[in-house]
>>> print(open('coords31.pdb').read())   # PDB, C-alpha atoms
ATOM      1  CA  MET A   1     104.781 110.396 111.228  1.00  0.00           C
ATOM      2  CA  VAL A   2     106.079 113.286 113.284  1.00  0.00           C
ATOM      3  CA  GLN A   3     104.653 113.801 116.766  1.00  0.00           C
ATOM      4  CA  TYR A   4     104.429 117.133 118.571  1.00  0.00           C
ATOM      5  CA  ALA A   5     103.322 117.285 122.189  1.00  0.00           C
ATOM      6  CA  VAL A   6     102.625 120.027 124.716  1.00  0.00           C
ATOM      7  CA  THR A   7     102.925 118.887 128.314  1.00  0.00           C
ATOM      8  CA  LEU A   8     103.536 120.257 131.780  1.00  0.00           C
ATOM      9  CA  LYS A   9     106.973 119.001 132.842  1.00  0.00           C
ATOM     10  CA  ASN A  10     108.681 120.065 136.062  1.00  0.00           C
ATOM     11  CA  GLY A  11     106.337 123.041 136.389  1.00  0.00           C
ATOM     12  CA  ASP A  12     106.971 124.355 132.864  1.00  0.00           C
ATOM     13  CA  TRP A  13     104.969 123.940 129.679  1.00  0.00           C
ATOM     14  CA  THR A  14     107.221 122.160 127.215  1.00  0.00           C
ATOM     15  CA  VAL A  15     106.971 121.425 123.487  1.00  0.00           C
ATOM     16  CA  PHE A  16     108.286 118.027 122.396  1.00  0.00           C
ATOM     17  CA  CYS A  17     109.030 116.696 118.928  1.00  0.00           C
ATOM     18  CA  ASP A  18     109.109 112.901 118.690  1.00  0.00           C
ATOM     19  CA  GLY A  19     109.662 112.674 122.442  1.00  0.00           C
ATOM     20  CA  GLN A  20     112.562 115.138 122.587  1.00  0.00           C
ATOM     21  CA  PRO A  21     112.088 118.530 124.299  1.00  0.00           C
ATOM     22  CA  MET A  22     112.318 121.461 121.899  1.00  0.00           C
ATOM     23  CA  GLU A  23     111.335 124.443 124.056  1.00  0.00           C
ATOM     24  CA  ARG A  24     110.773 124.786 127.808  1.00  0.00           C
ATOM     25  CA  GLY A  25     109.464 127.481 130.105  1.00  0.00           C
ATOM     26  CA  LEU A  26     106.585 128.616 127.898  1.00  0.00           C
ATOM     27  CA  THR A  27     103.079 129.616 128.820  1.00  0.00           C
ATOM     28  CA  ARG A  28     100.541 126.977 127.858  1.00  0.00           C
ATOM     29  CA  SER A  29      99.092 129.142 125.097  1.00  0.00           C
ATOM     30  CA  ALA A  30     102.547 129.898 123.644  1.00  0.00           C
ATOM     31  CA  ALA A  31     103.466 126.204 123.730  1.00  0.00           C
ATOM     32  CA  ILE A  32     100.236 125.239 121.962  1.00  0.00           C
ATOM     33  CA  GLN A  33     100.760 127.908 119.305  1.00  0.00           C
ATOM     34  CA  MET A  34     104.327 126.751 118.714  1.00  0.00           C
ATOM     35  CA  ALA A  35     103.259 123.102 118.389  1.00  0.00           C
ATOM     36  CA  LYS A  36     100.423 124.008 116.012  1.00  0.00           C
ATOM     37  CA  ASP A  37     102.786 126.087 113.868  1.00  0.00           C
ATOM     38  CA  LEU A  38     105.300 123.235 113.724  1.00  0.00           C
ATOM     39  CA  ALA A  39     102.537 120.760 112.879  1.00  0.00           C
ATOM     40  CA  PHE A  40     101.272 123.007 110.092  1.00  0.00           C
ATOM     41  CA  GLU A  41     104.775 123.306 108.622  1.00  0.00           C
ATOM     42  CA  ALA A  42     105.216 119.517 108.718  1.00  0.00           C
ATOM     43  CA  GLU A  43     101.846 119.000 107.024  1.00  0.00           C
ATOM     44  CA  GLU A  44     102.846 121.518 104.339  1.00  0.00           C
ATOM     45  CA  ARG A  45     105.904 119.308 103.666  1.00  0.00           C
ATOM     46  CA  GLY A  46     103.545 116.348 103.272  1.00  0.00           C
ATOM     47  CA  GLU A  47     104.420 114.659 106.573  1.00  0.00           C
ATOM     48  CA  PRO A  48     101.630 113.058 108.624  1.00  0.00           C
ATOM     49  CA  VAL A  49     101.375 114.649 112.077  1.00  0.00           C
ATOM     50  CA  GLU A  50     100.135 113.661 115.511  1.00  0.00           C
ATOM     51  CA  LEU A  51      99.553 116.571 117.892  1.00  0.00           C
ATOM     52  CA  LEU A  52      99.099 115.866 121.616  1.00  0.00           C
ATOM     53  CA  ILE A  53      98.110 118.624 124.025  1.00  0.00           C
ATOM     54  CA  GLN A  54      97.856 118.212 127.785  1.00  0.00           C
ATOM     55  CA  GLY A  55      95.014 120.005 129.515  1.00  0.00           C
ATOM     56  CA  TYR A  56      95.235 121.803 132.823  1.00  0.00           C
ATOM     57  CA  TYR A  57      93.963 118.713 134.666  1.00  0.00           C
ATOM     58  CA  GLY A  58      96.279 116.205 132.983  1.00  0.00           C
ATOM     59  CA  GLU A  59      93.926 114.972 130.273  1.00  0.00           C
ATOM     60  CA  MET A  60      95.393 114.668 126.762  1.00  0.00           C
ATOM     61  CA  SER A  61      93.769 115.655 123.495  1.00  0.00           C
ATOM     62  CA  ARG A  62      94.996 114.080 120.287  1.00  0.00           C
ATOM     63  CA  ARG A  63      94.759 115.329 116.728  1.00  0.00           C
ATOM     64  CA  LEU A  64      96.055 113.588 113.625  1.00  0.00           C
ATOM     65  CA  SER A  65      96.828 115.363 110.370  1.00  0.00           C
ATOM     66  CA  GLY A  66      93.731 115.688 108.255  1.00  0.00           C
ATOM     67  CA  GLY A  67      91.677 116.969 111.198  1.00  0.00           C
ATOM     68  CA  THR A  68      90.865 113.626 112.818  1.00  0.00           C
ATOM     69  CA  ASP A  69      90.234 114.005 116.555  1.00  0.00           C
ATOM     70  CA  ASP A  70      90.117 111.275 119.202  1.00  0.00           C
TER      71      ASP A  70
END
>>> encode(input="coords31.pdb", output="structure tokens")
Amino acid sequence: MVQYAVTLKNGDWTVFCDGQPMERGLTRSAAIQMAKDLAFEAEERGEPVELLIQGYYGEMSRRLSGGTDD
């Protein structure tokens, strides 16, 4: 399973892949779009995906490939 995450780190929205930063200094919406695009590409390759997105107040939303939400 590949994991993509969007979090606020050191004042910047950052996209992570499997815990490693990929892109920093994005707006939240740009970071979310990038993570969703990467997740879609991984799903197209047949890889299961976990997508984590931090909200403005620190809460995390989680989505697994196949559209399952927690």
>>> residues_around(input="coords31.pdb", residues="Val49 in chain A", least_positions_apart="6", cutoff="8 Å", atoms="all atoms listed in the file", output="list in words")
Met1, Val2, Gln3, Tyr4, Ala39, Ala42, Glu43, Leu64 and Ser65 of chain A
>>> atom_distance(input="coords31.pdb", atom1="CA of Glu47 in chain A", atom2="CA of Ser29 in chain A")
24.1 Å
>>> residues_around(input="coords31.pdb", residues="Leu51 in chain A", least_positions_apart="3", cutoff="12 Å", atoms="only C-alpha atoms", output="ChimeraX atom specification")
/A:1-7,15-19,31-40,42-43,48,54,60-70
>>> resolve_selection(input="coords31.pdb", expression="the PyMOL selection byres ((chain A and resi 24) around 10)", output="PDB file with C-alpha atoms, keeping the file's coordinate frame")
ATOM      1  CA  VAL A   6     102.625 120.027 124.716  1.00  0.00           C
ATOM      2  CA  THR A   7     102.925 118.887 128.314  1.00  0.00           C
ATOM      3  CA  LEU A   8     103.536 120.257 131.780  1.00  0.00           C
ATOM      4  CA  LYS A   9     106.973 119.001 132.842  1.00  0.00           C
ATOM      5  CA  ASN A  10     108.681 120.065 136.062  1.00  0.00           C
ATOM      6  CA  GLY A  11     106.337 123.041 136.389  1.00  0.00           C
ATOM      7  CA  ASP A  12     106.971 124.355 132.864  1.00  0.00           C
ATOM      8  CA  TRP A  13     104.969 123.940 129.679  1.00  0.00           C
ATOM      9  CA  THR A  14     107.221 122.160 127.215  1.00  0.00           C
ATOM     10  CA  VAL A  15     106.971 121.425 123.487  1.00  0.00           C
ATOM     11  CA  PHE A  16     108.286 118.027 122.396  1.00  0.00           C
ATOM     12  CA  PRO A  21     112.088 118.530 124.299  1.00  0.00           C
ATOM     13  CA  MET A  22     112.318 121.461 121.899  1.00  0.00           C
ATOM     14  CA  GLU A  23     111.335 124.443 124.056  1.00  0.00           C
ATOM     15  CA  GLY A  25     109.464 127.481 130.105  1.00  0.00           C
ATOM     16  CA  LEU A  26     106.585 128.616 127.898  1.00  0.00           C
ATOM     17  CA  THR A  27     103.079 129.616 128.820  1.00  0.00           C
ATOM     18  CA  ALA A  31     103.466 126.204 123.730  1.00  0.00           C
TER      19      ALA A  31
END
>>> axis_aligned_box(input="coords31.pdb", around="range 42-47 of chain A", padding_each_side="6 Å", output="AutoDock Vina command-line options")
--center_x 103.9 --center_y 118.1 --center_z 106.0 --size_x 16.1 --size_y 18.9 --size_z 17.4
>>> build_atoms(input="coords31.pdb", residues="range 41-58 of chain A", atoms="N, CA, C and O atoms", output="PDB file, in the frame of the given file")
ATOM      1  N   GLU A  41     103.613 123.341 109.506  1.00  0.00           N
ATOM      2  CA  GLU A  41     104.775 123.306 108.622  1.00  0.00           C
ATOM      3  C   GLU A  41     105.075 121.882 108.160  1.00  0.00           C
ATOM      4  O   GLU A  41     105.394 121.657 106.988  1.00  0.00           O
ATOM      5  N   ALA A  42     104.970 120.920 109.079  1.00  0.00           N
ATOM      6  CA  ALA A  42     105.216 119.517 108.718  1.00  0.00           C
ATOM      7  C   ALA A  42     104.163 119.033 107.719  1.00  0.00           C
ATOM      8  O   ALA A  42     104.489 118.339 106.747  1.00  0.00           O
ATOM      9  N   GLU A  43     102.907 119.392 107.951  1.00  0.00           N
ATOM     10  CA  GLU A  43     101.846 119.000 107.024  1.00  0.00           C
ATOM     11  C   GLU A  43     102.062 119.616 105.653  1.00  0.00           C
ATOM     12  O   GLU A  43     101.810 118.983 104.632  1.00  0.00           O
ATOM     13  N   GLU A  44     102.544 120.858 105.614  1.00  0.00           N
ATOM     14  CA  GLU A  44     102.846 121.518 104.339  1.00  0.00           C
ATOM     15  C   GLU A  44     103.933 120.762 103.570  1.00  0.00           C
ATOM     16  O   GLU A  44     103.946 120.777 102.347  1.00  0.00           O
ATOM     17  N   ARG A  45     104.850 120.113 104.296  1.00  0.00           N
ATOM     18  CA  ARG A  45     105.904 119.308 103.666  1.00  0.00           C
ATOM     19  C   ARG A  45     105.395 117.927 103.283  1.00  0.00           C
ATOM     20  O   ARG A  45     106.131 117.119 102.735  1.00  0.00           O
ATOM     21  N   GLY A  46     104.143 117.639 103.610  1.00  0.00           N
ATOM     22  CA  GLY A  46     103.545 116.348 103.272  1.00  0.00           C
ATOM     23  C   GLY A  46     103.731 115.274 104.320  1.00  0.00           C
ATOM     24  O   GLY A  46     103.429 114.109 104.073  1.00  0.00           O
ATOM     25  N   GLU A  47     104.221 115.640 105.507  1.00  0.00           N
ATOM     26  CA  GLU A  47     104.420 114.659 106.573  1.00  0.00           C
ATOM     27  C   GLU A  47     103.131 114.477 107.375  1.00  0.00           C
ATOM     28  O   GLU A  47     102.486 115.470 107.724  1.00  0.00           O
ATOM     29  N   PRO A  48     102.752 113.248 107.704  1.00  0.00           N
ATOM     30  CA  PRO A  48     101.630 113.058 108.624  1.00  0.00           C
ATOM     31  C   PRO A  48     102.038 113.498 110.025  1.00  0.00           C
ATOM     32  O   PRO A  48     103.199 113.363 110.416  1.00  0.00           O
ATOM     33  N   VAL A  49     101.082 114.043 110.775  1.00  0.00           N
ATOM     34  CA  VAL A  49     101.375 114.649 112.077  1.00  0.00           C
ATOM     35  C   VAL A  49     100.401 114.137 113.132  1.00  0.00           C
ATOM     36  O   VAL A  49      99.208 113.990 112.876  1.00  0.00           O
ATOM     37  N   GLU A  50     100.938 113.904 114.321  1.00  0.00           N
ATOM     38  CA  GLU A  50     100.135 113.661 115.511  1.00  0.00           C
ATOM     39  C   GLU A  50     100.449 114.796 116.476  1.00  0.00           C
ATOM     40  O   GLU A  50     101.621 115.067 116.754  1.00  0.00           O
ATOM     41  N   LEU A  51      99.404 115.460 116.958  1.00  0.00           N
ATOM     42  CA  LEU A  51      99.553 116.571 117.892  1.00  0.00           C
ATOM     43  C   LEU A  51      98.866 116.203 119.197  1.00  0.00           C
ATOM     44  O   LEU A  51      97.671 115.904 119.211  1.00  0.00           O
ATOM     45  N   LEU A  52      99.622 116.190 120.282  1.00  0.00           N
ATOM     46  CA  LEU A  52      99.099 115.866 121.616  1.00  0.00           C
ATOM     47  C   LEU A  52      99.211 117.103 122.488  1.00  0.00           C
ATOM     48  O   LEU A  52     100.281 117.721 122.556  1.00  0.00           O
ATOM     49  N   ILE A  53      98.114 117.445 123.157  1.00  0.00           N
ATOM     50  CA  ILE A  53      98.110 118.624 124.025  1.00  0.00           C
ATOM     51  C   ILE A  53      97.529 118.244 125.376  1.00  0.00           C
ATOM     52  O   ILE A  53      96.398 117.759 125.458  1.00  0.00           O
ATOM     53  N   GLN A  54      98.303 118.488 126.425  1.00  0.00           N
ATOM     54  CA  GLN A  54      97.856 118.212 127.785  1.00  0.00           C
ATOM     55  C   GLN A  54      96.991 119.359 128.279  1.00  0.00           C
ATOM     56  O   GLN A  54      97.339 120.528 128.106  1.00  0.00           O
ATOM     57  N   GLY A  55      95.878 119.005 128.908  1.00  0.00           N
ATOM     58  CA  GLY A  55      95.014 120.005 129.515  1.00  0.00           C
ATOM     59  C   GLY A  55      95.514 120.370 130.899  1.00  0.00           C
ATOM     60  O   GLY A  55      96.464 119.798 131.428  1.00  0.00           O
ATOM     61  N   TYR A  56      94.846 121.338 131.489  1.00  0.00           N
ATOM     62  CA  TYR A  56      95.235 121.803 132.823  1.00  0.00           C
ATOM     63  C   TYR A  56      95.096 120.730 133.889  1.00  0.00           C
ATOM     64  O   TYR A  56      95.763 120.774 134.915  1.00  0.00           O
ATOM     65  N   TYR A  57      94.220 119.749 133.658  1.00  0.00           N
ATOM     66  CA  TYR A  57      93.963 118.713 134.666  1.00  0.00           C
ATOM     67  C   TYR A  57      94.609 117.393 134.299  1.00  0.00           C
ATOM     68  O   TYR A  57      94.279 116.359 134.865  1.00  0.00           O
ATOM     69  N   GLY A  58      95.536 117.404 133.336  1.00  0.00           N
ATOM     70  CA  GLY A  58      96.279 116.205 132.983  1.00  0.00           C
ATOM     71  C   GLY A  58      95.722 115.406 131.819  1.00  0.00           C
ATOM     72  O   GLY A  58      96.393 114.514 131.324  1.00  0.00           O
TER      73      GLY A  58
END
